[in-house]
Structures are given as C-alpha cells and as structure tokens.
>>> print(open('run-v4.cif').read())   # mmCIF, C-alpha atoms
data_upload
loop_
_atom_site.label_atom_id
_atom_site.label_comp_id
_atom_site.auth_asym_id
_atom_site.auth_seq_id
_atom_site.Cartn_x
_atom_site.Cartn_y
_atom_site.Cartn_z
CA MET T 316 -121.10 -172.66 -80.62
CA ARG T 317 -118.27 -172.06 -83.05
CA SER T 318 -119.34 -171.63 -86.65
CA ARG T 319 -117.58 -173.29 -89.55
CA GLY T 320 -114.85 -171.18 -91.10
CA SER T 321 -115.97 -167.98 -92.74
CA PRO T 322 -114.68 -167.10 -96.20
CA PHE T 323 -112.33 -164.60 -94.54
CA GLU T 324 -110.78 -167.24 -92.27
CA LEU T 325 -110.36 -169.69 -95.12
CA GLY T 326 -108.64 -167.00 -97.14
CA ALA T 327 -106.21 -166.32 -94.32
CA VAL T 328 -105.34 -170.00 -94.02
CA PHE T 329 -104.78 -170.20 -97.75
CA ALA T 330 -102.55 -167.12 -97.67
CA ILE T 331 -100.42 -168.50 -94.85
CA ALA T 332 -100.06 -171.84 -96.63
CA SER T 333 -99.02 -170.03 -99.81
CA VAL T 334 -96.38 -168.01 -98.00
CA ALA T 335 -95.02 -171.17 -96.33
CA ALA T 336 -94.86 -172.99 -99.65
CA ALA T 337 -93.05 -170.04 -101.23
CA ALA T 338 -90.54 -169.99 -98.36
CA VAL T 339 -89.83 -173.70 -98.75
CA THR T 340 -89.38 -173.24 -102.49
CA LEU T 341 -87.01 -170.32 -102.02
CA PHE T 342 -84.99 -172.25 -99.44
CA ALA T 343 -84.69 -175.19 -101.80
CA CYS T 344 -83.44 -172.89 -104.53
CA SER T 345 -80.80 -171.45 -102.23
CA ALA T 346 -79.13 -174.87 -101.73
CA PRO T 347 -75.67 -175.30 -103.24
CA PRO T 348 -75.58 -176.32 -106.88
CA ALA T 349 -75.63 -180.04 -107.50
CA ASP T 350 -72.12 -180.04 -108.92
CA ALA T 351 -70.57 -178.27 -105.93
CA ARG T 352 -67.62 -180.22 -104.52
CA TYR T 353 -65.17 -179.77 -101.69
CA THR T 354 -61.67 -180.56 -102.79
CA GLN T 355 -59.57 -181.99 -100.00
CA THR T 356 -56.46 -179.89 -99.72
CA THR T 357 -54.32 -182.24 -97.63
CA LEU T 358 -54.65 -185.97 -97.12
CA PRO T 359 -52.91 -188.46 -94.84
CA ASP T 360 -50.34 -190.67 -96.54
CA SER T 361 -51.88 -193.68 -98.25
CA ALA T 362 -48.58 -195.58 -98.51
CA SER T 363 -48.26 -195.87 -94.73
CA PHE T 364 -51.93 -196.71 -94.14
CA SER T 365 -51.62 -200.51 -94.16
CA PRO T 366 -50.84 -201.08 -90.43
CA VAL T 367 -53.55 -198.58 -89.50
CA ALA T 368 -56.01 -200.44 -91.70
CA GLU T 369 -55.12 -203.73 -90.01
CA LEU T 370 -55.90 -202.21 -86.64
CA LEU T 371 -59.13 -200.58 -87.81
CA ASP T 372 -60.25 -203.86 -89.36
CA VAL T 373 -59.79 -205.72 -86.08
CA ARG T 374 -61.06 -203.03 -83.69
CA CYS T 375 -63.80 -201.53 -85.83
CA GLY T 376 -64.38 -203.59 -88.96
CA THR T 377 -65.76 -206.86 -87.61
CA LEU T 378 -68.92 -208.19 -89.22
CA ASP T 379 -71.08 -206.95 -86.35
CA CYS T 380 -69.79 -203.36 -86.55
CA HIS T 381 -68.26 -201.37 -89.40
CA GLY T 382 -67.65 -204.51 -91.44
CA THR T 383 -71.11 -204.29 -92.86
CA ALA T 384 -72.53 -202.52 -95.86
CA PHE T 385 -75.15 -200.88 -93.65
CA ARG T 386 -72.82 -198.57 -91.67
CA ASN T 387 -71.01 -195.43 -92.59
CA LEU T 388 -67.23 -195.75 -92.27
CA ARG T 389 -67.55 -199.08 -94.06
CA LEU T 390 -64.40 -201.13 -93.61
CA TYR T 391 -63.25 -204.11 -95.62
CA GLY T 392 -60.73 -206.61 -94.37
CA SER T 393 -59.76 -210.15 -93.58
CA SER T 394 -61.51 -210.28 -90.22
CA GLY T 395 -64.72 -208.79 -91.55
CA LEU T 396 -66.38 -207.82 -94.79
CA ARG T 397 -64.48 -208.82 -97.94
CA LEU T 398 -64.45 -206.72 -101.06
CA SER T 399 -64.07 -209.39 -103.73
CA GLU T 400 -67.04 -211.68 -104.28
CA SER T 401 -64.71 -214.67 -104.26
CA ASP T 402 -63.11 -213.83 -100.90
CA ARG T 403 -64.30 -214.95 -97.47
CA PRO T 404 -63.44 -213.85 -93.94
CA PHE T 405 -59.84 -214.98 -93.34
CA VAL T 406 -59.56 -216.20 -96.97
CA PRO T 407 -57.20 -214.79 -98.09
CA LEU T 408 -55.66 -214.18 -94.70
CA CYS T 409 -54.49 -210.61 -95.22
CA ASP T 410 -56.22 -207.51 -96.57
CA THR T 411 -56.06 -207.14 -100.32
CA ALA T 412 -54.88 -204.05 -102.18
CA GLY T 413 -58.46 -203.27 -103.13
CA GLU T 414 -59.58 -203.49 -99.51
CA LEU T 415 -56.80 -201.18 -98.39
CA THR T 416 -57.82 -198.65 -101.01
CA GLN T 417 -61.48 -198.81 -100.01
CA ASP T 418 -60.65 -198.49 -96.31
CA TYR T 419 -58.45 -195.49 -97.03
CA LEU T 420 -61.21 -193.82 -99.02
CA SER T 421 -63.72 -194.57 -96.25
CA VAL T 422 -61.48 -192.98 -93.63
CA VAL T 423 -60.40 -189.88 -95.54
CA GLY T 424 -63.78 -189.30 -97.15
CA LEU T 425 -65.95 -189.48 -94.04
CA GLU T 426 -65.44 -185.83 -93.04
CA PRO T 427 -63.45 -184.29 -95.89
CA GLU T 428 -63.05 -180.78 -94.47
CA GLU T 429 -62.03 -181.97 -91.02
CA MET T 430 -59.71 -184.60 -92.48
CA SER T 431 -57.90 -181.92 -94.48
CA ALA T 432 -57.56 -179.80 -91.36
CA VAL T 433 -56.16 -182.69 -89.32
CA ALA T 434 -53.76 -183.77 -92.06
CA ALA T 435 -52.55 -180.18 -92.17
CA GLY T 436 -51.66 -180.30 -88.49
CA GLY T 437 -54.99 -179.86 -86.73
CA ASP T 438 -56.11 -181.69 -83.62
CA PRO T 439 -57.10 -185.28 -84.54
CA ALA T 440 -60.07 -184.91 -82.20
CA LEU T 441 -61.66 -182.74 -84.88
CA LEU T 442 -62.58 -186.05 -86.47
CA THR T 443 -65.72 -187.79 -85.27
CA MET T 444 -64.10 -191.19 -85.71
CA VAL T 445 -61.32 -190.25 -83.30
CA ARG T 446 -63.79 -188.95 -80.72
CA LYS T 447 -66.06 -191.97 -81.02
CA ALA T 448 -63.18 -194.40 -80.60
CA ARG T 449 -62.03 -192.49 -77.52
CA GLY T 450 -65.52 -192.57 -76.10
CA THR T 451 -65.79 -188.79 -75.92
CA GLU T 452 -68.73 -188.87 -78.32
CA ALA T 453 -71.69 -191.24 -78.31
CA HIS T 454 -70.85 -194.46 -80.13
CA LYS T 455 -72.93 -197.61 -80.45
CA GLY T 456 -69.77 -199.64 -80.02
CA GLY T 457 -68.84 -197.71 -76.88
CA GLN T 458 -65.34 -196.59 -76.05
CA VAL T 459 -62.90 -198.56 -78.18
CA TRP T 460 -59.64 -197.20 -76.85
CA THR T 461 -58.20 -194.46 -74.68
CA LYS T 462 -56.54 -191.26 -75.80
CA GLY T 463 -52.81 -191.80 -75.91
CA ASP T 464 -52.79 -195.60 -75.84
CA SER T 465 -51.14 -197.61 -78.62
CA SER T 466 -54.34 -197.96 -80.64
CA ASP T 467 -55.09 -194.25 -80.44
CA SER T 468 -51.49 -193.44 -81.28
CA CYS T 469 -51.53 -195.81 -84.27
CA LEU T 470 -54.38 -193.83 -85.80
CA THR T 471 -53.53 -190.29 -84.74
CA SER T 472 -49.82 -190.48 -85.54
CA TRP T 473 -50.71 -191.56 -89.06
CA LEU T 474 -53.28 -188.78 -89.35
CA SER T 475 -50.65 -186.29 -88.24
CA GLY T 476 -48.14 -187.42 -90.84
CA LYS T 477 -45.85 -189.26 -88.40
CA PRO T 478 -46.93 -192.89 -88.81
CA ASN T 479 -45.91 -195.25 -86.07
CA PRO T 480 -46.49 -198.85 -87.24
CA GLY T 481 -44.93 -200.13 -84.03
CA ASP T 482 -47.88 -198.77 -82.09
CA CYS T 483 -50.24 -200.52 -84.50
CA ALA T 484 -48.46 -203.84 -83.93
CA THR T 485 -48.48 -203.37 -80.17
CA ALA T 486 -52.15 -202.50 -80.23
CA LEU T 487 -53.06 -205.47 -82.39
CA ALA T 488 -51.11 -207.94 -80.29
CA GLY T 489 -52.84 -206.55 -77.23
CA VAL T 490 -56.37 -206.99 -78.47
CA LEU T 491 -56.35 -209.99 -80.79
CA PRO T 492 -57.85 -212.99 -78.99
CA THR T 493 -54.71 -215.10 -79.24
CA GLY T 494 -52.19 -212.27 -79.12
CA THR T 495 -49.02 -212.60 -81.16
CA SER T 496 -49.95 -216.14 -82.24
CA ASN T 497 -53.07 -214.87 -83.98
CA PRO T 498 -52.74 -215.52 -87.72
CA LEU T 499 -53.60 -211.92 -88.49
CA MET T 500 -50.30 -210.82 -86.91
CA GLN T 501 -48.56 -212.35 -89.93
CA CYS T 502 -50.14 -209.67 -92.09
CA LEU T 503 -48.30 -206.91 -90.26
CA ALA T 504 -44.98 -208.54 -91.10
CA GLN T 505 -45.76 -208.53 -94.80
CA PRO T 506 -45.27 -205.55 -97.10
CA PRO T 507 -48.52 -203.86 -98.13
CA PRO T 508 -50.11 -205.51 -101.15
CA PRO T 509 -49.17 -203.79 -104.41
CA MET C 510 -112.16 -190.18 -62.01
CA ILE C 511 -110.34 -191.19 -58.85
CA PRO C 512 -106.50 -190.93 -58.87
CA SER C 513 -105.91 -194.71 -58.94
CA GLN C 514 -108.06 -194.99 -62.06
CA ARG C 515 -106.08 -192.21 -63.69
CA TYR C 516 -102.77 -193.91 -62.90
CA PHE C 517 -104.06 -197.22 -64.18
CA GLY C 518 -105.21 -195.60 -67.38
CA THR C 519 -101.85 -193.89 -67.90
CA ALA C 520 -99.96 -197.10 -67.25
CA ALA C 521 -102.17 -199.01 -69.66
CA LEU C 522 -101.62 -196.38 -72.36
CA ALA C 523 -97.85 -196.47 -71.78
CA ALA C 524 -97.79 -200.26 -71.99
CA ALA C 525 -99.80 -200.16 -75.19
CA ALA C 526 -97.44 -197.58 -76.67
CA VAL C 527 -94.39 -199.67 -75.78
CA THR C 528 -95.99 -202.77 -77.28
CA LEU C 529 -96.92 -200.95 -80.45
CA CYS C 530 -93.45 -199.44 -80.82
CA ALA C 531 -91.84 -202.82 -80.30
CA GLN C 532 -93.96 -204.28 -83.05
CA CYS C 533 -93.44 -201.59 -85.63
CA ASP C 534 -89.79 -202.13 -86.52
CA PRO C 535 -90.21 -203.28 -90.11
CA VAL C 536 -86.59 -204.30 -90.55
CA ARG C 537 -86.66 -206.57 -87.54
CA GLY C 538 -90.10 -207.82 -88.48
CA ASP C 539 -88.95 -208.72 -91.97
CA ALA C 540 -85.87 -210.47 -90.59
CA ILE C 541 -88.02 -212.56 -88.27
CA ASP C 542 -90.46 -213.39 -91.06
CA ALA C 543 -87.54 -214.50 -93.22
CA LEU C 544 -86.64 -217.15 -90.65
CA GLY C 545 -89.82 -219.02 -91.46
CA GLY C 546 -91.83 -221.25 -89.17
CA GLU C 547 -90.79 -223.93 -86.75
CA ALA C 548 -89.28 -227.11 -88.19
CA PRO C 549 -91.81 -229.98 -88.35
CA GLY C 550 -91.84 -231.97 -85.16
CA VAL C 551 -89.76 -229.50 -83.16
CA ARG C 552 -91.55 -227.54 -80.47
CA ARG C 553 -90.56 -224.07 -79.35
CA GLY C 554 -87.86 -224.49 -76.73
CA PRO C 555 -84.14 -225.04 -76.21
CA LEU C 556 -83.86 -227.36 -79.22
CA HIS C 557 -85.62 -225.24 -81.78
CA ARG C 558 -84.24 -223.23 -84.69
CA PRO C 559 -80.55 -224.26 -84.55
CA GLY C 560 -78.30 -221.95 -86.52
CA GLN C 561 -80.70 -219.02 -86.50
CA PRO C 562 -79.91 -215.62 -84.94
CA CYS C 563 -81.41 -216.26 -81.51
CA LEU C 564 -81.46 -212.69 -80.23
CA LEU C 565 -83.59 -211.52 -83.11
CA CYS C 566 -86.58 -212.82 -81.12
CA HIS C 567 -84.94 -213.45 -77.75
CA ASP C 568 -84.10 -209.78 -77.36
CA GLY C 569 -85.62 -209.15 -73.96
CA ASP C 570 -88.35 -207.03 -75.42
CA PHE C 571 -91.61 -206.44 -73.60
CA ARG C 572 -93.13 -209.78 -74.62
CA ASP C 573 -92.42 -213.45 -75.08
CA PRO C 574 -89.94 -215.09 -75.60
CA GLU C 575 -87.37 -214.69 -72.84
CA GLY C 576 -84.36 -212.55 -73.68
CA PHE C 577 -80.83 -213.94 -74.07
CA SER C 578 -77.55 -212.06 -73.71
CA VAL C 579 -75.57 -214.48 -75.89
CA ALA C 580 -76.77 -217.52 -77.79
CA GLY C 581 -75.90 -219.66 -80.77
CA THR C 582 -75.39 -223.08 -82.25
CA VAL C 583 -72.26 -225.20 -82.71
CA PHE C 584 -72.16 -227.44 -85.77
CA LEU C 585 -69.56 -230.02 -86.67
CA THR C 586 -68.38 -229.02 -90.15
CA PRO C 587 -68.90 -226.22 -92.67
CA GLU C 588 -70.47 -228.62 -95.14
CA ASP C 589 -73.38 -229.92 -93.09
CA ARG C 590 -75.38 -228.99 -90.06
CA THR C 591 -74.64 -231.88 -87.72
CA ALA C 592 -75.10 -230.53 -84.20
CA VAL C 593 -72.33 -230.81 -81.62
CA ASN C 594 -73.80 -231.87 -78.29
CA GLY C 595 -71.80 -231.12 -75.15
CA ALA C 596 -69.38 -228.55 -76.52
CA THR C 597 -68.28 -225.86 -74.09
CA VAL C 598 -68.56 -222.29 -75.31
CA HIS C 599 -66.19 -220.13 -73.27
CA LEU C 600 -66.82 -216.39 -73.42
CA THR C 601 -64.71 -213.63 -71.90
CA ASP C 602 -65.74 -210.00 -71.89
CA ALA C 603 -63.77 -206.75 -71.84
CA THR C 604 -63.61 -206.70 -68.05
CA GLY C 605 -62.15 -210.20 -67.85
CA SER C 606 -65.40 -211.74 -66.67
CA SER C 607 -66.09 -215.08 -68.30
CA PHE C 608 -68.89 -217.60 -68.66
CA ASP C 609 -69.09 -221.18 -69.88
CA ALA C 610 -72.16 -222.50 -71.65
CA THR C 611 -72.71 -226.04 -72.87
CA THR C 612 -74.44 -226.95 -76.11
CA ASN C 613 -77.48 -229.23 -76.08
CA ALA C 614 -78.60 -231.97 -78.46
CA ALA C 615 -79.44 -229.41 -81.13
CA GLY C 616 -76.03 -227.76 -80.73
CA ASN C 617 -77.74 -224.77 -79.16
CA PHE C 618 -76.52 -222.82 -76.16
CA TYR C 619 -78.02 -219.73 -74.59
CA ILE C 620 -77.20 -217.43 -71.71
CA LEU C 621 -79.80 -215.44 -69.83
CA PRO C 622 -78.98 -211.85 -68.87
CA SER C 623 -79.46 -212.82 -65.24
CA GLN C 624 -76.69 -215.40 -65.63
CA TRP C 625 -74.18 -213.22 -67.45
CA THR C 626 -74.22 -210.12 -69.60
CA PRO C 627 -70.94 -209.28 -71.33
CA HIS C 628 -69.26 -205.92 -71.61
CA TYR C 629 -68.12 -205.82 -75.21
CA PRO C 630 -65.81 -206.56 -76.91
CA MET C 631 -65.95 -210.24 -76.11
CA THR C 632 -63.80 -213.20 -77.10
CA ALA C 633 -65.01 -216.75 -77.60
CA SER C 634 -63.67 -220.25 -77.84
CA VAL C 635 -65.37 -223.60 -78.33
CA THR C 636 -64.11 -226.78 -76.73
CA PRO C 637 -65.51 -229.94 -78.37
CA PRO C 638 -66.63 -232.77 -76.11
CA ALA C 639 -63.28 -234.40 -76.86
CA GLY C 640 -60.58 -232.03 -77.93
CA ALA C 641 -58.73 -228.83 -77.27
CA PRO C 642 -60.31 -225.35 -77.19
CA ILE C 643 -60.71 -223.68 -80.58
CA PRO C 644 -60.38 -219.92 -80.19
CA MET C 645 -62.30 -217.52 -82.37
CA GLN C 646 -59.60 -215.28 -83.83
CA THR C 647 -61.61 -212.05 -83.96
CA LEU C 648 -63.40 -209.92 -81.42
CA ILE C 649 -67.17 -209.80 -80.97
CA HIS C 650 -68.15 -206.16 -80.58
CA THR C 651 -71.94 -205.96 -80.43
CA GLU C 652 -73.65 -209.12 -81.65
CA GLY C 653 -74.98 -211.58 -79.09
CA SER C 654 -76.21 -214.07 -81.69
CA CYS C 655 -73.49 -216.23 -83.23
CA ALA C 656 -75.62 -216.49 -86.35
CA GLY C 657 -75.76 -212.71 -86.63
CA CYS C 658 -72.40 -213.08 -88.40
CA HIS C 659 -72.10 -216.87 -88.85
CA PHE C 660 -74.86 -217.53 -91.35
CA ASP C 661 -75.17 -219.58 -94.51
CA PRO C 662 -74.13 -219.44 -97.21
CA ALA C 663 -70.58 -218.35 -96.52
CA GLY C 664 -69.73 -215.25 -98.48
CA THR C 665 -68.10 -211.85 -98.34
CA ASN C 666 -70.02 -211.01 -95.18
CA SER C 667 -70.12 -214.38 -93.42
CA PRO C 668 -67.73 -217.21 -92.68
CA GLY C 669 -70.69 -219.59 -92.76
CA HIS C 670 -72.28 -221.34 -89.80
CA LEU C 671 -70.23 -221.85 -86.65
CA CYS C 672 -68.33 -225.14 -86.79
CA ILE C 673 -65.36 -226.86 -85.21
CA GLU C 674 -63.87 -229.07 -87.93
CA LEU C 675 -62.61 -228.39 -91.43
CA ALA C 676 -62.46 -230.97 -94.20
CA ASP C 677 -58.65 -231.07 -93.99
CA GLY C 678 -58.80 -231.89 -90.29
CA GLY C 679 -57.92 -228.37 -89.23
CA THR C 680 -59.98 -225.94 -87.23
CA PRO C 681 -61.69 -222.78 -88.47
CA PRO C 682 -60.43 -219.34 -87.41
#
>>> encode(input="run-v4.cif", output="structure tokens")
Amino acid sequence: MRSRGSPFELGAVFAIASVAAAAVTLFACSAPPADARYTQTTLPDSASFSPVAELLDVRCGTLDCHGTAFRNLRLYGSSGLRLSESDRPFVPLCDTAGELTQDYLSVVGLEPEEMSAVAAGGDPALLTMVRKARGTEAHKGGQVWTKGDSSDSCLTSWLSGKPNPGDCATALAGVLPTGTSNPLMQCLAQPPPP
Amino acid sequence: MIPSQRYFGTAALAAAAVTLCAQCDPVRGDAIDALGGEAPGVRRGPLHRPGQPCLLCHDGDFRDPEGFSVAGTVFLTPEDRTAVNGATVHLTDATGSSFDATTNAAGNFYILPSQWTPHYPMTASVTPPAGAPIPMQTLIHTEGSCAGCHFDPAGTNSPGHLCIELADGGTPP
C-alpha cells in the first residue's frame, strides 16, 4: 500500500513547481517591450485600391463572411458591412471613402512584414489572404478563385505595384449574380470617392 | 467483460461525448435562447418561427430537429412581416446546380440536405406568385439561413428581413 507523500516528496514537488513558475516568469519578461512596433517599409498604392476593394467586397466581404465585425480581415462595403451608422447594405450604392480607407488598412495591416515584402517585389503568395483565396491554404470559405484568373490578377497585380483595374472589372462582371447589369458595376465606372 | 459489451460501452461513451460537445457551444446556445419561445398558437413545424435563422437549430446536429441545407422566410415589404405564400425561391450553386423551393403560408421555405446541398458561393432569386423573378444582387458564401444576414432591424450589418416589394413599388437588391 502506497503511503501518503513523505516530507521529502512534498519538498520535491514544491521545488519543481517553483522552478516552473520562475521559468514562466522569466519567459514573460523576455517578451518584446509593449511599445515595440514594426514599421512597414513598403506599402501597395492606396490610390489605385478602389477597384480591388470593390472585388474584395463582393468576393470576400459579404455579410456572411468577412463583412462582419467578428472576422479578421474585416471588410466594409456596399454589398456587406457598412461603416457609417446611417448607411445600409446597398445604401449608398457604392463604397464610401471611409470604407475604402478601412478596407485598405485591413488588407495592408493583416500581415505587415509579409505585406512589405510583397509590395517590395516578393511573391504575393507570401500573404495568407492570397493563399486562402487560391485555396492553397485552409479557408472556411473554401477556394475563392484560381491563381492567374482575373480575380487573382486583380489583387496580385495591385500588390505588385502594377494595378490592372480591367481585371477587377472582368472578375466582378463574371461573379456578380446579374453580371454587367448588376448595380454594383456602376461603382467601377465612377472615380474613387474623395 | 465480453467484447460486445466493451464495444457497446465505448459507443455509448462516444455518443455521450458528442452530445455534450454539441450542447456546450455557449455562443450558439445564447443565440438560440435569444430567439425566445414559440409564438402562441403556433406548433413546432413548417409554419413556425418565420424570419428566424432556421439553421441555428436545424443544423443537422446529433439531435432533433432535422437539419436543413438552406431555409428562410419571404415577406412582402420591409415595413411589415406579411408572409408571401407560394413564392418560388430559386437557388444556384457554384457548380451550376440549382433548386427551387416554394414558400408556405408562413412565408417559410426549407431544403433538406438529402434534397439539395449547395456548393458555395450560391446565388438566389425570388419569384412572387405573380410577377417576375427578383434576383439577389450579392453572393451567398457560407450562410444557409436567409435570416443569418437578413434580420431586423435593418442596419449597418443587415438589409432587414427578406422582402420582395419596396414602398416606391420597386424591388430590393
């Protein structure tokens, strides 16, 4: 029959617990200082982001996906979550300047180091959002598009500093439920909101 | 213990674990609680809880009620909750497969997984009993309940309940 712990055994347990607690404390102290920041060295162009945002809003930012406050890569836009308390889905029809700004910040701020590397000429697939959309990384929304198609090109050409709004328009017309007659297509023809 | 008893015991434990896990999602539990009880005089069935997110309960989990793949309610206008009986909800999935469901007296429609399960994204249109199809202008990516997005009150994150007529005589997007 095993006896209850002797004083020696209890001491050993206490010593081990103390060492573990000290290790945890030391590890916590070795974390970066609270004011440490990574400064993005290169960013994609915000002025040419509007057509990309329109595509992301439609393909990713619907209310049942990234158009919700409960997801990372939160996207605002006409066909999903609105930024202004007075706005509603489709009212106003096109994305507002504030929504474009928030979408841009969501996209460039998701993985700051990788985004800088891609904007400086790196492979767009460094970015998780590119891999998830291509279906090469697990994604609750599944594969959204295929590498090299117009949707993929819309995003990656912009990331690489060679924006191609024509690809964004082609991609949108191809996926919107009513094609070129969809009211959201009008937004592509308008200049970005000031 | 004979082998059959051991297998039975293991299966019973597994079933209990699954049941417990299914019942310990506090977010889902809170969402279901927030729906409240049944309306007075309406029994559980095809006519109950119009306008609520059907798949919250009808999720095919290891218990009652039966799971749905897509379900929702069609109302007449944004302002009130008059049900549209006999509307055709036409759904098309990413593979081109489509399914038509018809709303009942409560405006409800539901599709069982055995009837049709969409590959997302999916498009939808509603054809009133008398009138032309009204296409939904955005894609549905993951949500099988119309009311998962179309809930009241309308706001930054919802267009309001699903309807087919606007006050100006137009149709909603």
>>> atom_distance(input="run-v4.cif", atom1="atom CA of C:Thr586", atom2="atom CA of C:Ile673")
6.2 Å
>>> closest_residue(input="run-v4.cif", among="T:His454, T:Arg403, T:Arg386, T:Arg352", to="chain C", atoms="all atoms listed in the file")
T:Arg403
>>> closest_atom_pairs(input="run-v4.cif", of="chain C", to="chain T", cutoff="9 Å", atoms="only C-alpha atoms", output="Markdown table")
| residue | atom | partner | partner_atom | distance |
| --- | --- | --- | --- | --- |
| C:Tyr629 | CA | T:Gly456 | CA | 8.0 |
| C:Pro630 | CA | T:Gly456 | CA | 8.6 |
| C:Thr632 | CA | T:Pro492 | CA | 6.2 |
| C:Ala633 | CA | T:Pro492 | CA | 8.2 |
| C:Pro644 | CA | T:Pro492 | CA | 7.5 |
| C:Met645 | CA | T:Pro492 | CA | 7.2 |
| C:Gln646 | CA | T:Pro492 | CA | 5.6 |
| C:Thr647 | CA | T:Pro492 | CA | 6.3 |
| C:Leu648 | CA | T:Pro492 | CA | 6.8 |
| C:Ile649 | CA | T:Asp379 | CA | 7.2 |
| C:His650 | CA | T:Asp379 | CA | 6.5 |
| C:Thr651 | CA | T:Asp379 | CA | 6.1 |
| C:Glu652 | CA | T:Asp379 | CA | 5.8 |
| C:Gly657 | CA | T:Asp379 | CA | 7.4 |
| C:Cys658 | CA | T:Leu378 | CA | 6.1 |
| C:Ala663 | CA | T:Arg403 | CA | 7.2 |
| C:Gly664 | CA | T:Arg403 | CA | 5.5 |
| C:Thr665 | CA | T:Arg397 | CA | 4.7 |
| C:Asn666 | CA | T:Leu396 | CA | 4.9 |
| C:Ser667 | CA | T:Pro404 | CA | 6.7 |
| C:Pro668 | CA | T:Pro404 | CA | 5.6 |
| C:Pro682 | CA | T:Phe405 | CA | 7.4 |
>>> resolve_selection(input="run-v4.cif", expression="the PyMOL selection byres ((chain T and resi 448) around 7)", output="list in words")
Met444, Val445, Arg446, Lys447, Arg449, Gly450, Gln458, Val459 and Trp460 of chain T
>>> atom_distance(input="run-v4.cif", atom1="atom CA of T:Asp360", atom2="atom CA of T:Val423")
10.1 Å
>>> atom_distance(input="run-v4.cif", atom1="atom CA of C:Phe584", atom2="atom CA of C:Asp568")
22.9 Å
>>> residues_around(input="run-v4.cif", residues="C:Arg590", least_positions_apart="2", cutoff="9 Å", atoms="all atoms listed in the file", output="list in words")
Pro559, Gly560, Val583, Phe584, Leu585, Thr586, Pro587, Glu588, Ala592, His670 and Cys672 of chain C
>>> decode(input="run-v4.cif", residues="stretch 560-573 of chain C", atoms="N, CA, C and O atoms", output="mmCIF file, in the first residue's frame")
data_model
loop_
_atom_site.group_PDB
_atom_site.id
_atom_site.type_symbol
_atom_site.label_atom_id
_atom_site.label_comp_id
_atom_site.auth_asym_id
_atom_site.auth_seq_id
_atom_site.Cartn_x
_atom_site.Cartn_y
_atom_site.Cartn_z
ATOM 1 N N GLY C 560 -38.932 34.130 -40.258
ATOM 2 C CA GLY C 560 -37.985 35.240 -40.151
ATOM 3 C C GLY C 560 -36.817 34.971 -39.228
ATOM 4 O O GLY C 560 -35.940 35.817 -39.079
ATOM 5 N N GLN C 561 -36.795 33.803 -38.590
ATOM 6 C CA GLN C 561 -35.672 33.492 -37.710
ATOM 7 C C GLN C 561 -34.618 32.683 -38.467
ATOM 8 O O GLN C 561 -34.924 32.059 -39.482
ATOM 9 N N PRO C 562 -33.381 32.695 -37.989
ATOM 10 C CA PRO C 562 -32.309 31.957 -38.680
ATOM 11 C C PRO C 562 -32.458 30.453 -38.485
ATOM 12 O O PRO C 562 -32.014 29.893 -37.494
ATOM 13 N N CYS C 563 -33.094 29.819 -39.456
ATOM 14 C CA CYS C 563 -33.528 28.418 -39.317
ATOM 15 C C CYS C 563 -32.387 27.467 -38.944
ATOM 16 O O CYS C 563 -32.553 26.578 -38.103
ATOM 17 N N LEU C 564 -31.233 27.653 -39.599
ATOM 18 C CA LEU C 564 -30.164 26.669 -39.417
ATOM 19 C C LEU C 564 -29.469 26.761 -38.066
ATOM 20 O O LEU C 564 -28.607 25.938 -37.751
ATOM 21 N N LEU C 565 -29.842 27.759 -37.289
ATOM 22 C CA LEU C 565 -29.283 27.829 -35.944
ATOM 23 C C LEU C 565 -29.662 26.568 -35.169
ATOM 24 O O LEU C 565 -28.845 25.988 -34.449
ATOM 25 N N CYS C 566 -30.917 26.142 -35.303
ATOM 26 C CA CYS C 566 -31.356 24.885 -34.682
ATOM 27 C C CYS C 566 -31.345 23.732 -35.688
ATOM 28 O O CYS C 566 -30.915 22.629 -35.371
ATOM 29 N N HIS C 567 -31.794 24.012 -36.900
ATOM 30 C CA HIS C 567 -31.864 22.959 -37.925
ATOM 31 C C HIS C 567 -30.497 22.799 -38.586
ATOM 32 O O HIS C 567 -30.337 23.035 -39.779
ATOM 33 N N ASP C 568 -29.512 22.432 -37.775
ATOM 34 C CA ASP C 568 -28.136 22.389 -38.276
ATOM 35 C C ASP C 568 -27.646 20.976 -38.551
ATOM 36 O O ASP C 568 -26.470 20.776 -38.865
ATOM 37 N N GLY C 569 -28.532 20.010 -38.415
ATOM 38 C CA GLY C 569 -28.120 18.632 -38.695
ATOM 39 C C GLY C 569 -27.298 18.022 -37.589
ATOM 40 O O GLY C 569 -26.652 16.994 -37.787
ATOM 41 N N ASP C 570 -27.309 18.653 -36.440
ATOM 42 C CA ASP C 570 -26.553 18.132 -35.317
ATOM 43 C C ASP C 570 -27.156 16.818 -34.844
ATOM 44 O O ASP C 570 -28.243 16.437 -35.259
ATOM 45 N N PHE C 571 -26.456 16.176 -33.939
ATOM 46 C CA PHE C 571 -26.841 14.852 -33.460
ATOM 47 C C PHE C 571 -28.035 14.956 -32.512
ATOM 48 O O PHE C 571 -27.935 14.690 -31.339
ATOM 49 N N ARG C 572 -29.126 15.486 -32.965
ATOM 50 C CA ARG C 572 -30.343 15.556 -32.156
ATOM 51 C C ARG C 572 -31.411 16.252 -32.980
ATOM 52 O O ARG C 572 -31.141 16.798 -34.027
ATOM 53 N N ASP C 573 -32.611 16.269 -32.438
ATOM 54 C CA ASP C 573 -33.720 16.960 -33.061
ATOM 55 C C ASP C 573 -33.405 18.465 -33.079
ATOM 56 O O ASP C 573 -32.712 18.931 -32.214
#
